[in-house]
file input_13.cif (mmCIF, C-alpha atoms and all ligand atoms)
data_start
#
loop_
_atom_site.label_atom_id
_atom_site.label_comp_id
_atom_site.auth_asym_id
_atom_site.auth_seq_id
_atom_site.Cartn_x
_atom_site.Cartn_y
_atom_site.Cartn_z
CA MET A 1 -5.82 28.08 27.23
CA ASN A 2 -5.80 24.27 27.44
CA HIS A 3 -7.62 22.49 24.63
CA PRO A 4 -9.92 19.67 25.82
CA LEU A 5 -8.73 17.23 23.12
CA PHE A 6 -5.25 18.21 21.95
CA GLU A 7 -1.94 19.34 23.35
CA ILE A 8 1.45 20.20 21.90
CA VAL A 9 4.08 17.71 23.06
CA THR A 10 7.74 16.96 22.45
CA THR A 11 8.42 13.37 21.39
CA THR A 12 11.22 11.21 22.81
CA LEU A 13 13.30 12.27 19.79
CA GLY A 14 12.83 15.91 20.77
CA VAL A 15 10.41 16.80 17.96
CA VAL A 16 7.25 18.89 18.41
CA SER A 17 4.02 17.02 17.71
CA ILE A 18 0.37 16.90 18.84
CA ARG A 19 -1.15 14.43 21.28
CA ASN A 20 -4.82 13.45 21.13
CA LYS A 21 -5.59 13.31 24.85
CA GLU A 22 -8.72 11.21 24.47
CA LEU A 23 -6.97 8.49 22.41
CA ASN A 24 -3.60 9.07 24.07
CA GLU A 25 -1.93 9.00 20.65
CA ILE A 26 0.90 11.27 19.57
CA MET A 27 0.86 12.00 15.87
CA HIS A 28 3.82 10.74 13.84
CA ASN A 29 5.48 9.52 17.02
CA PRO A 30 8.43 9.70 17.66
CA VAL A 31 9.99 11.14 14.49
CA GLY A 32 7.52 14.03 14.22
CA PRO A 33 5.11 15.17 11.52
CA TRP A 34 7.54 16.72 9.07
CA ALA A 35 10.09 13.91 9.01
CA GLU A 36 7.47 11.16 8.72
CA ALA A 37 5.41 13.00 6.10
CA ASN A 38 8.48 13.43 3.91
CA ALA A 39 10.06 10.02 4.48
CA LEU A 40 7.01 7.78 4.32
CA TYR A 41 4.79 9.60 1.88
CA VAL A 42 6.72 12.08 -0.29
CA THR A 43 10.10 10.35 -0.68
CA GLN A 44 8.75 6.79 -0.83
CA SER A 45 6.23 7.69 -3.49
CA ASP A 46 8.94 9.37 -5.62
CA LEU A 47 6.59 12.31 -5.71
CA ARG A 48 9.10 14.73 -7.22
CA GLU A 49 9.88 12.34 -10.11
CA ARG A 50 6.18 11.60 -10.64
CA LEU A 51 5.46 15.32 -10.83
CA MET A 52 7.93 15.58 -13.70
CA LYS A 53 6.36 12.72 -15.74
CA ASP A 54 3.24 12.74 -17.94
CA LEU A 55 3.17 16.51 -17.76
CA ASP A 56 -0.24 16.84 -19.44
CA THR A 57 -2.05 14.58 -16.97
CA GLU A 58 -3.10 15.53 -13.48
CA LEU A 59 -1.53 13.54 -10.61
CA VAL A 60 -4.16 12.68 -8.00
CA ILE A 61 -3.35 11.99 -4.33
CA PHE A 62 -5.84 10.76 -1.75
CA ASP A 63 -4.79 11.99 1.69
CA VAL A 64 -6.75 9.74 4.05
CA GLY A 65 -6.79 11.29 7.54
CA LEU A 66 -5.88 14.94 6.86
CA GLY A 67 -5.31 15.48 10.59
CA ALA A 68 -2.85 18.34 11.06
CA ALA A 69 -2.10 18.27 7.31
CA ALA A 70 1.57 17.27 7.53
CA ASN A 71 1.31 14.72 4.72
CA ALA A 72 -0.75 16.97 2.43
CA LEU A 73 1.54 19.93 3.07
CA ALA A 74 4.67 17.87 2.48
CA ALA A 75 3.22 17.01 -0.95
CA LEU A 76 2.32 20.65 -1.57
CA HIS A 77 5.80 21.85 -0.60
CA CYS A 78 7.26 19.26 -2.96
CA ALA A 79 5.03 20.45 -5.82
CA LYS A 80 5.88 24.10 -5.21
CA GLU A 81 9.58 23.26 -5.20
CA THR A 82 9.33 21.38 -8.52
CA PRO A 83 9.30 23.91 -11.34
CA GLY A 84 7.47 22.71 -14.44
CA ALA A 85 5.54 20.09 -12.43
CA ARG A 86 2.39 18.56 -13.88
CA PRO A 87 -1.00 19.51 -12.38
CA LEU A 88 -1.54 18.09 -8.88
CA ARG A 89 -4.84 17.40 -7.14
CA ILE A 90 -4.92 16.44 -3.47
CA VAL A 91 -8.18 15.11 -2.06
CA SER A 92 -8.03 15.10 1.75
CA PHE A 93 -10.51 13.11 3.84
CA GLU A 94 -11.17 14.11 7.44
CA ARG A 95 -14.09 13.71 9.82
CA GLU A 96 -12.81 15.98 12.63
CA LEU A 97 -11.40 19.34 11.60
CA GLU A 98 -10.68 20.50 15.12
CA LEU A 99 -7.16 19.02 14.96
CA LEU A 100 -6.29 21.12 11.92
CA ARG A 101 -7.78 24.23 13.52
CA TYR A 102 -5.76 23.56 16.65
CA ALA A 103 -2.55 23.00 14.65
CA LEU A 104 -3.21 26.18 12.66
CA LYS A 105 -3.35 28.18 15.89
CA HIS A 106 0.11 26.79 16.71
CA ALA A 107 1.39 27.05 13.13
CA ALA A 108 4.61 28.75 14.19
CA GLN A 109 5.73 25.52 15.86
CA PHE A 110 5.35 23.37 12.74
CA ALA A 111 7.72 23.80 9.81
CA HIS A 112 5.20 22.36 7.36
CA PHE A 113 2.76 25.24 7.82
CA ALA A 114 5.26 27.81 6.52
CA GLY A 115 3.76 29.58 3.51
CA PHE A 116 0.49 27.63 3.68
CA THR A 117 -1.51 29.14 6.54
CA GLU A 118 -3.79 31.03 4.16
CA ALA A 119 -4.25 27.91 2.04
CA ILE A 120 -5.40 26.01 5.14
CA GLU A 121 -7.75 28.81 6.18
CA THR A 122 -9.30 28.71 2.70
CA LEU A 123 -9.53 24.92 2.75
CA LEU A 124 -11.29 25.03 6.14
CA ASP A 125 -13.56 27.85 5.09
CA LYS A 126 -14.47 26.87 1.51
CA GLY A 127 -13.54 23.19 1.35
CA GLU A 128 -11.02 23.83 -1.43
CA TRP A 129 -7.95 25.82 -2.33
CA SER A 130 -6.04 26.16 -5.54
CA GLU A 131 -3.06 27.98 -6.92
CA GLY A 132 -1.67 27.62 -10.43
CA LYS A 133 -1.72 23.92 -11.32
CA ILE A 134 -2.32 22.79 -7.73
CA SER A 135 -5.80 21.98 -6.38
CA TRP A 136 -6.59 20.85 -2.85
CA GLU A 137 -10.06 19.62 -1.92
CA LEU A 138 -11.45 18.67 1.46
CA ARG A 139 -13.91 15.82 1.94
CA HIS A 140 -15.34 16.46 5.38
CA GLY A 141 -17.02 13.47 7.04
CA ASP A 142 -16.56 9.75 7.52
CA PHE A 143 -14.14 8.47 4.89
CA ARG A 144 -16.00 5.16 4.67
CA LYS A 145 -19.13 6.96 3.41
CA LEU A 146 -17.41 9.65 1.37
CA ILE A 147 -15.28 7.23 -0.62
CA GLU A 148 -18.38 5.62 -2.12
CA ASN A 149 -19.22 8.78 -4.07
CA GLU A 150 -15.69 9.99 -4.76
CA LYS A 151 -15.29 11.05 -8.37
CA TYR A 152 -11.49 11.06 -8.62
CA LYS A 153 -9.19 8.07 -8.95
CA PRO A 154 -5.91 8.32 -7.09
CA HIS A 155 -2.43 7.59 -8.37
CA LEU A 156 -1.18 7.76 -4.77
CA ILE A 157 -2.90 7.12 -1.45
CA PHE A 158 -1.39 8.44 1.78
CA PHE A 159 -3.19 6.24 4.32
CA ASP A 160 -2.77 7.72 7.78
CA PRO A 161 -5.65 7.15 10.22
CA TYR A 162 -5.00 6.68 13.92
CA SER A 163 -3.65 3.28 14.95
CA SER A 164 -5.68 0.11 14.59
CA LYS A 165 -5.98 0.01 18.40
CA VAL A 166 -8.22 3.08 18.45
CA ASN A 167 -9.34 3.50 14.82
CA ARG A 168 -9.93 -0.15 13.91
CA GLU A 169 -12.72 0.41 11.38
CA MET A 170 -10.29 2.23 9.09
CA TRP A 171 -7.99 -0.81 8.88
CA SER A 172 -10.70 -3.24 7.79
CA VAL A 173 -11.00 -5.25 4.60
CA GLU A 174 -14.09 -3.21 3.68
CA CYS A 175 -12.18 0.01 3.95
CA PHE A 176 -9.36 -1.21 1.67
CA LYS A 177 -11.90 -2.69 -0.76
CA SER A 178 -13.53 0.72 -1.07
CA LEU A 179 -10.14 2.26 -1.89
CA ARG A 180 -9.33 -0.50 -4.33
CA ALA A 181 -12.64 0.14 -6.09
CA LYS A 182 -11.48 3.70 -6.80
CA SER A 183 -7.97 2.67 -7.79
CA ARG A 184 -6.40 2.74 -11.22
CA GLU A 185 -5.51 -0.29 -13.28
CA ALA A 186 -2.19 -0.69 -15.10
CA ALA A 187 -3.40 0.99 -18.31
CA ASP A 188 -4.43 4.01 -16.27
CA GLY A 189 -1.17 4.39 -14.34
CA GLY A 190 -1.90 2.10 -11.35
CA THR A 191 -2.43 3.17 -7.73
CA MET A 192 0.08 2.97 -4.90
CA LEU A 193 -0.89 3.10 -1.21
CA TYR A 194 1.56 4.12 1.53
CA THR A 195 0.99 3.60 5.23
CA TYR A 196 3.00 3.55 8.44
CA SER A 197 1.52 0.27 9.68
CA GLN A 198 3.44 -2.97 9.50
CA ALA A 199 0.94 -5.06 11.46
CA THR A 200 0.20 -8.46 9.94
CA PRO A 201 -3.61 -8.17 10.36
CA VAL A 202 -3.48 -4.81 8.56
CA ARG A 203 -1.39 -6.25 5.74
CA VAL A 204 -3.82 -9.14 5.31
CA ALA A 205 -6.72 -6.66 5.26
CA ILE A 206 -4.96 -4.68 2.51
CA LEU A 207 -4.38 -7.90 0.54
CA ALA A 208 -8.00 -8.98 0.99
CA GLY A 209 -9.03 -5.49 -0.06
CA GLY A 210 -7.50 -6.26 -3.47
CA PHE A 211 -4.04 -4.69 -3.32
CA TYR A 212 -0.64 -6.36 -3.62
CA LEU A 213 1.79 -5.95 -0.72
CA GLY A 214 5.27 -4.45 -0.66
CA HIS A 215 7.91 -3.57 1.93
CA GLY A 216 8.06 0.09 2.91
CA HIS A 217 10.94 2.09 4.39
CA ALA A 218 11.70 2.10 8.10
CA SER A 219 10.27 4.91 10.23
CA GLY A 220 11.57 5.67 13.72
CA PRO A 221 11.45 2.48 15.78
CA LYS A 222 9.58 0.55 13.04
CA GLU A 223 12.00 -1.48 10.98
CA GLU A 224 9.63 -1.24 8.03
CA THR A 225 6.26 0.11 6.90
CA THR A 226 3.89 -0.96 4.11
CA ILE A 227 3.48 -0.04 0.46
CA ALA A 228 0.59 -1.56 -1.49
CA ALA A 229 -0.22 -1.41 -5.18
CA SER A 230 -3.11 -2.18 -7.49
CA VAL A 231 -0.55 -3.55 -9.99
CA LEU A 232 1.98 -6.09 -8.66
CA SER A 233 4.77 -5.07 -11.04
CA ASP A 234 4.64 -1.49 -9.68
CA LEU A 235 6.08 -2.68 -6.36
CA GLU A 236 9.83 -2.29 -6.09
CA LYS A 237 10.03 -4.71 -3.14
CA PRO A 238 6.98 -7.00 -3.27
CA MET A 239 6.48 -9.23 -0.27
CA GLY A 240 7.37 -12.80 -1.08
CA ALA A 241 8.35 -16.11 0.46
CA THR A 242 10.00 -14.57 3.55
CA TRP A 243 6.93 -12.56 4.52
CA PHE A 244 4.65 -15.46 3.68
CA GLY A 245 6.74 -17.76 5.92
CA ARG A 246 6.49 -15.24 8.77
CA TRP A 247 2.74 -14.97 8.19
CA GLU A 248 2.42 -18.80 8.38
CA ARG A 249 4.13 -18.73 11.80
CA SER A 250 2.26 -15.66 13.08
CA HIS A 251 -0.51 -15.92 15.66
CA LEU A 252 -2.13 -12.83 14.05
CA GLN A 253 -2.98 -14.18 10.62
CA ILE A 254 -6.31 -12.50 9.92
CA PRO A 255 -7.66 -8.93 9.81
CA PHE A 256 -8.70 -7.54 13.19
CA GLU A 257 -12.40 -7.54 12.38
CA CYS A 258 -12.48 -11.03 10.82
CA ALA A 259 -15.09 -13.22 12.54
CA PRO A 260 -13.82 -16.62 13.86
CA GLU A 261 -15.96 -18.53 11.34
CA LYS A 262 -14.31 -16.58 8.50
CA ALA A 263 -10.75 -17.20 9.71
CA GLY A 264 -10.33 -20.45 7.73
CA PRO A 265 -11.41 -18.99 4.37
CA MET A 266 -9.25 -15.91 5.03
CA ARG A 267 -6.18 -18.10 5.66
CA ASP A 268 -6.94 -20.07 2.47
CA PHE A 269 -7.22 -16.78 0.60
CA VAL A 270 -3.71 -15.75 1.68
CA ARG A 271 -2.25 -19.20 0.97
CA GLN A 272 -3.72 -19.22 -2.54
CA HIS A 273 -3.00 -15.59 -3.33
CA PRO A 274 -1.12 -15.22 -6.66
CA GLN A 275 1.44 -12.93 -5.02
CA PHE A 276 2.67 -15.85 -2.92
CA ARG A 277 2.11 -18.61 -5.47
CA PRO A 278 4.14 -17.37 -8.40
CA ARG A 279 3.74 -19.39 -11.55
CA SER A 280 6.79 -21.49 -12.31
C1 LIG A 301 -2.89 10.27 12.66
S1 LIG A 301 -4.06 11.50 12.29
C2 LIG A 301 -3.55 12.03 10.69
C3 LIG A 301 -2.32 12.85 10.65
C4 LIG A 301 -2.21 13.56 9.34
N1 LIG A 301 -2.14 12.69 8.19
C5 LIG A 301 -1.10 14.57 9.30
O1 LIG A 301 -0.28 14.47 8.36
O2 LIG A 301 -1.06 15.44 10.15
C6 LIG A 301 -5.47 10.52 11.86
C7 LIG A 301 -6.63 11.33 11.32
O3 LIG A 301 -7.55 10.43 10.71
C8 LIG A 301 -8.84 10.93 10.92
N2 LIG A 301 -9.83 9.86 10.76
C9 LIG A 301 -9.91 8.70 11.47
N3 LIG A 301 -10.96 7.97 11.08
C10 LIG A 301 -11.57 8.67 10.08
C11 LIG A 301 -12.70 8.43 9.27
N4 LIG A 301 -13.46 7.34 9.41
N5 LIG A 301 -13.02 9.35 8.34
C12 LIG A 301 -12.28 10.47 8.16
N6 LIG A 301 -11.19 10.76 8.93
C13 LIG A 301 -10.83 9.86 9.87
C14 LIG A 301 -8.78 11.42 12.37
O4 LIG A 301 -9.83 12.32 12.66
C15 LIG A 301 -7.39 12.05 12.43
O5 LIG A 301 -7.42 13.42 12.17
#
call {"tool": "encode", "arguments": {"input": "input_13.cif", "output": "structure tokens", "more": "lines below"}}
Ligand SMILES: C[S@@+](CC[C@H](N)C(=O)[O-])C[C@H]1O[C@@H](n2cnc3c(N)ncnc32)[C@H](O)[C@@H]1O
result
Amino acid sequence: MNHPLFEIVTTTLGVVSIRNKELNEIMHNPVGPWAEANALYVTQSDLRERLMKDLDTELVIFDVGLGAAANALAALHCAKETPGARPLRIVSFERELELLRYALKHAAQFAHFAGFTEAIETLLDKGEWSEGKISWELRHGDFRKLIENEKYKPHLIFFDPYSSKVNREMWSVECFKSLRAKSREAADGGTMLYTYSQATPVRVAILAGGFYLGHGHASGPKEETTIAASVLSDLEKPMGATWFGRWERSHLQIPFECAPEKAGPMRDFVRQHPQFRPRS
């Protein structure tokens, strides 16, 4: 039977994904959920290596926008395939669980569900699932409210809402500030944030939220994505003079939600930011 909101589609690269009919957005388009989850979130974050470090301390991941769980499951597959890994806690935020229920019904079409259908049923039913040293918790509701009372501090953030065209509130300075408030400082291991967006207004919102900016790997047609960090020295490829020069020439210099009267101070903030004014 047709679902009113979702449908299974094949992307231009021939990969099975899910389209939200109301928003007309295909998830992880065009590379597909499994490839993007692994490339952008698991590989970029060096998850396997991180799981083999600091073996007595729990590694905490915030999975913002659980959706059809590709990113969370890619992390879980990685943990299961890493013998001797340290404890892992994934905290997934999602306001609309219908997408996951829909994907679960079509689990056979998605490689990432293999071996985890019962885990997802338990997560949906009880709000948590655990096995051995792995814990997975669901925060059901609006991320912007839930984050205020979140008790864990993430080492890694997989930031994957819908695009800023249709999910603008999630790409705001306020939203990144709330994540930065829960982030770790250098002494506590630092926090890294990974996202598929490369939009300049999004990057400025992340910067104004209190993170430093770095270049992320390419994904499908995007020549690069974004990695942010609470600690500048944790970025392998921090943005520098080249990005700053492009930003100066861009006609999209401020976050999407920034009011016209706040545009000047926001531009000054970027121009004076220590990341782009290195001490000589
Ligand atoms: C692109 S999908 C996520 C795909 C997912 N990460 C995956 O791996 O399958 C975006 C998700 O973000 C969720 N979302 C958007 N805004 C939200 C909010 N304010 N609070 C919680 N979830 C939100 C949407 O409901 C949607 O499921």
call {"tool": "closest_residue", "arguments": {"input": "input_13.cif", "among": "A:His28, A:His112, A:Lys126, A:Lys153", "to": "A:Arg89", "atoms": "only C-alpha atoms"}}
result
A:Lys153
call {"tool": "closest_residue", "arguments": {"input": "input_13.cif", "among": "A:Ala208, A:Glu131, A:Glu150, A:Gln44", "to": "A:Lys237", "atoms": "only C-alpha atoms"}}
result
A:Gln44
call {"tool": "residues_near_ligand", "arguments": {"input": "input_13.cif", "ligand": "ligand LIG 301 (chain A)", "cutoff": "9 Å", "atoms": "all atoms listed in the file", "output": "PyMOL selection string"}}
result
chain A and resi 18+25-28+33-34+36-37+63-74+92-100+103+139-146+158-163+167-170
call {"tool": "residues_around", "arguments": {"input": "input_13.cif", "residues": "A:His106", "least_positions_apart": "5", "cutoff": "12 Å", "atoms": "all atoms listed in the file", "output": "PDB file with C-alpha atoms, keeping the file's coordinate frame"}}
result
ATOM      1  CA  HIS A   3      -7.620  22.490  24.630  1.00  0.00           C
ATOM      2  CA  PHE A   6      -5.250  18.210  21.950  1.00  0.00           C
ATOM      3  CA  GLU A   7      -1.940  19.340  23.350  1.00  0.00           C
ATOM      4  CA  ILE A   8       1.450  20.200  21.900  1.00  0.00           C
ATOM      5  CA  VAL A   9       4.080  17.710  23.060  1.00  0.00           C
ATOM      6  CA  VAL A  16       7.250  18.890  18.410  1.00  0.00           C
ATOM      7  CA  SER A  17       4.020  17.020  17.710  1.00  0.00           C
ATOM      8  CA  ILE A  18       0.370  16.900  18.840  1.00  0.00           C
ATOM      9  CA  ALA A  68      -2.850  18.340  11.060  1.00  0.00           C
ATOM     10  CA  LEU A  99      -7.160  19.020  14.960  1.00  0.00           C
ATOM     11  CA  LEU A 100      -6.290  21.120  11.920  1.00  0.00           C
ATOM     12  CA  ARG A 101      -7.780  24.230  13.520  1.00  0.00           C
ATOM     13  CA  ALA A 111       7.720  23.800   9.810  1.00  0.00           C
ATOM     14  CA  HIS A 112       5.200  22.360   7.360  1.00  0.00           C
ATOM     15  CA  PHE A 113       2.760  25.240   7.820  1.00  0.00           C
ATOM     16  CA  ALA A 114       5.260  27.810   6.520  1.00  0.00           C
ATOM     17  CA  THR A 117      -1.510  29.140   6.540  1.00  0.00           C
TER      18      THR A 117
END
call {"tool": "atom_distance", "arguments": {"input": "input_13.cif", "atom1": "atom CA of A:Ala119", "atom2": "atom CA of A:Leu179"}}
result
26.6 Å
call {"tool": "atom_distance", "arguments": {"input": "input_13.cif", "atom1": "atom CA of A:Arg271", "atom2": "atom CA of A:Thr195"}}
result
23.4 Å
call {"tool": "closest_residue", "arguments": {"input": "input_13.cif", "among": "A:Pro30, A:Lys21, A:Ala186, A:Thr57", "to": "A:Asn2", "atoms": "all atoms listed in the file"}}
result
A:Lys21
call {"tool": "closest_residue", "arguments": {"input": "input_13.cif", "among": "A:Ile227, A:Ala263, A:Ile157, A:Val270", "to": "A:Phe244", "atoms": "all atoms listed in the file"}}
result
A:Val270
call {"tool": "closest_residue", "arguments": {"input": "input_13.cif", "among": "A:Arg277, A:Phe110, A:Pro260, A:Ser219", "to": "A:Gly240", "atoms": "only C-alpha atoms"}}
result
A:Arg277
call {"tool": "residues_near_point", "arguments": {"input": "input_13.cif", "point": "(10.1, 1.1, -7.4)", "cutoff": "9 Å", "atoms": "all atoms listed in the file", "output": "ChimeraX atom specification"}}
result
/A:44-46,233-237
call {"tool": "write_last_selection", "arguments": {"input": "input_13.cif", "atoms": "C-alpha atoms", "output": "PDB file, keeping the file's coordinate frame"}}
result
ATOM      1  CA  GLN A  44       8.750   6.790  -0.830  1.00  0.00           C
ATOM      2  CA  SER A  45       6.230   7.690  -3.490  1.00  0.00           C
ATOM      3  CA  ASP A  46       8.940   9.370  -5.620  1.00  0.00           C
ATOM      4  CA  SER A 233       4.770  -5.070 -11.040  1.00  0.00           C
ATOM      5  CA  ASP A 234       4.640  -1.490  -9.680  1.00  0.00           C
ATOM      6  CA  LEU A 235       6.080  -2.680  -6.360  1.00  0.00           C
ATOM      7  CA  GLU A 236       9.830  -2.290  -6.090  1.00  0.00           C
ATOM      8  CA  LYS A 237      10.030  -4.710  -3.140  1.00  0.00           C
TER       9      LYS A 237
END
call {"tool": "residues_around", "arguments": {"input": "input_13.cif", "residues": "A:Pro201", "least_positions_apart": "2", "cutoff": "12 Å", "atoms": "all atoms listed in the file", "output": "PyMOL selection string"}}
result
chain A and resi 164-165+168+171-173+197-199+203-208+247+250-258+263+266-267+270
call {"tool": "atom_distance", "arguments": {"input": "input_13.cif", "atom1": "atom CA of A:Lys105", "atom2": "atom CA of A:Ile120"}}
result
11.2 Å
call {"tool": "closest_residue", "arguments": {"input": "input_13.cif", "among": "A:Phe62, A:Phe276, A:Phe211, A:Tyr41", "to": "A:Phe176", "atoms": "all atoms listed in the file"}}
result
A:Phe211
call {"tool": "build_atoms", "arguments": {"input": "input_13.cif", "residues": "stretch 184-203 of chain A", "atoms": "N, CA and C atoms", "output": "PDB file, keeping the file's coordinate frame"}}
result
ATOM      1  N   ARG A 184      -6.679   2.827  -9.784  1.00  0.00           N
ATOM      2  CA  ARG A 184      -6.400   2.740 -11.220  1.00  0.00           C
ATOM      3  C   ARG A 184      -5.834   1.373 -11.564  1.00  0.00           C
ATOM      4  N   GLU A 185      -6.105   0.953 -12.771  1.00  0.00           N
ATOM      5  CA  GLU A 185      -5.510  -0.290 -13.280  1.00  0.00           C
ATOM      6  C   GLU A 185      -4.218   0.088 -14.021  1.00  0.00           C
ATOM      7  N   ALA A 186      -3.499  -0.943 -14.487  1.00  0.00           N
ATOM      8  CA  ALA A 186      -2.190  -0.690 -15.100  1.00  0.00           C
ATOM      9  C   ALA A 186      -2.277   0.308 -16.258  1.00  0.00           C
ATOM     10  N   ALA A 187      -3.292   0.138 -17.120  1.00  0.00           N
ATOM     11  CA  ALA A 187      -3.400   0.990 -18.310  1.00  0.00           C
ATOM     12  C   ALA A 187      -3.603   2.449 -17.940  1.00  0.00           C
ATOM     13  N   ASP A 188      -4.068   2.673 -16.721  1.00  0.00           N
ATOM     14  CA  ASP A 188      -4.430   4.010 -16.270  1.00  0.00           C
ATOM     15  C   ASP A 188      -3.396   4.552 -15.272  1.00  0.00           C
ATOM     16  N   GLY A 189      -2.241   3.883 -15.192  1.00  0.00           N
ATOM     17  CA  GLY A 189      -1.170   4.390 -14.340  1.00  0.00           C
ATOM     18  C   GLY A 189      -1.016   3.688 -12.994  1.00  0.00           C
ATOM     19  N   GLY A 190      -1.997   2.826 -12.626  1.00  0.00           N
ATOM     20  CA  GLY A 190      -1.900   2.100 -11.350  1.00  0.00           C
ATOM     21  C   GLY A 190      -2.049   3.023 -10.149  1.00  0.00           C
ATOM     22  N   THR A 191      -2.310   2.406  -8.989  1.00  0.00           N
ATOM     23  CA  THR A 191      -2.430   3.170  -7.730  1.00  0.00           C
ATOM     24  C   THR A 191      -1.498   2.553  -6.706  1.00  0.00           C
ATOM     25  N   MET A 192      -0.799   3.418  -5.974  1.00  0.00           N
ATOM     26  CA  MET A 192       0.080   2.970  -4.900  1.00  0.00           C
ATOM     27  C   MET A 192      -0.460   3.510  -3.578  1.00  0.00           C
ATOM     28  N   LEU A 193      -0.412   2.682  -2.541  1.00  0.00           N
ATOM     29  CA  LEU A 193      -0.890   3.100  -1.210  1.00  0.00           C
ATOM     30  C   LEU A 193       0.282   3.015  -0.231  1.00  0.00           C
ATOM     31  N   TYR A 194       0.462   4.061   0.553  1.00  0.00           N
ATOM     32  CA  TYR A 194       1.560   4.120   1.530  1.00  0.00           C
ATOM     33  C   TYR A 194       0.964   4.255   2.924  1.00  0.00           C
ATOM     34  N   THR A 195       1.468   3.457   3.865  1.00  0.00           N
ATOM     35  CA  THR A 195       0.990   3.600   5.230  1.00  0.00           C
ATOM     36  C   THR A 195       2.089   3.240   6.221  1.00  0.00           C
ATOM     37  N   TYR A 196       1.965   3.776   7.428  1.00  0.00           N
ATOM     38  CA  TYR A 196       3.000   3.550   8.440  1.00  0.00           C
ATOM     39  C   TYR A 196       2.862   2.176   9.100  1.00  0.00           C
ATOM     40  N   SER A 197       1.737   1.528   8.958  1.00  0.00           N
ATOM     41  CA  SER A 197       1.520   0.270   9.680  1.00  0.00           C
ATOM     42  C   SER A 197       2.330  -0.875   9.080  1.00  0.00           C
ATOM     43  N   GLN A 198       2.781  -1.748   9.972  1.00  0.00           N
ATOM     44  CA  GLN A 198       3.440  -2.970   9.500  1.00  0.00           C
ATOM     45  C   GLN A 198       2.770  -4.188  10.140  1.00  0.00           C
ATOM     46  N   ALA A 199       1.614  -3.966  10.752  1.00  0.00           N
ATOM     47  CA  ALA A 199       0.940  -5.060  11.460  1.00  0.00           C
ATOM     48  C   ALA A 199       0.447  -6.117  10.472  1.00  0.00           C
ATOM     49  N   THR A 200       0.619  -7.371  10.834  1.00  0.00           N
ATOM     50  CA  THR A 200       0.200  -8.460   9.940  1.00  0.00           C
ATOM     51  C   THR A 200      -1.304  -8.417   9.660  1.00  0.00           C
ATOM     52  N   PRO A 201      -2.171  -8.227  10.673  1.00  0.00           N
ATOM     53  CA  PRO A 201      -3.610  -8.170  10.360  1.00  0.00           C
ATOM     54  C   PRO A 201      -3.960  -7.045   9.389  1.00  0.00           C
ATOM     55  N   VAL A 202      -3.240  -5.930   9.484  1.00  0.00           N
ATOM     56  CA  VAL A 202      -3.480  -4.810   8.560  1.00  0.00           C
ATOM     57  C   VAL A 202      -3.043  -5.222   7.151  1.00  0.00           C
ATOM     58  N   ARG A 203      -1.888  -5.848   7.058  1.00  0.00           N
ATOM     59  CA  ARG A 203      -1.390  -6.250   5.740  1.00  0.00           C
ATOM     60  C   ARG A 203      -2.349  -7.254   5.085  1.00  0.00           C
TER      61      ARG A 203
END
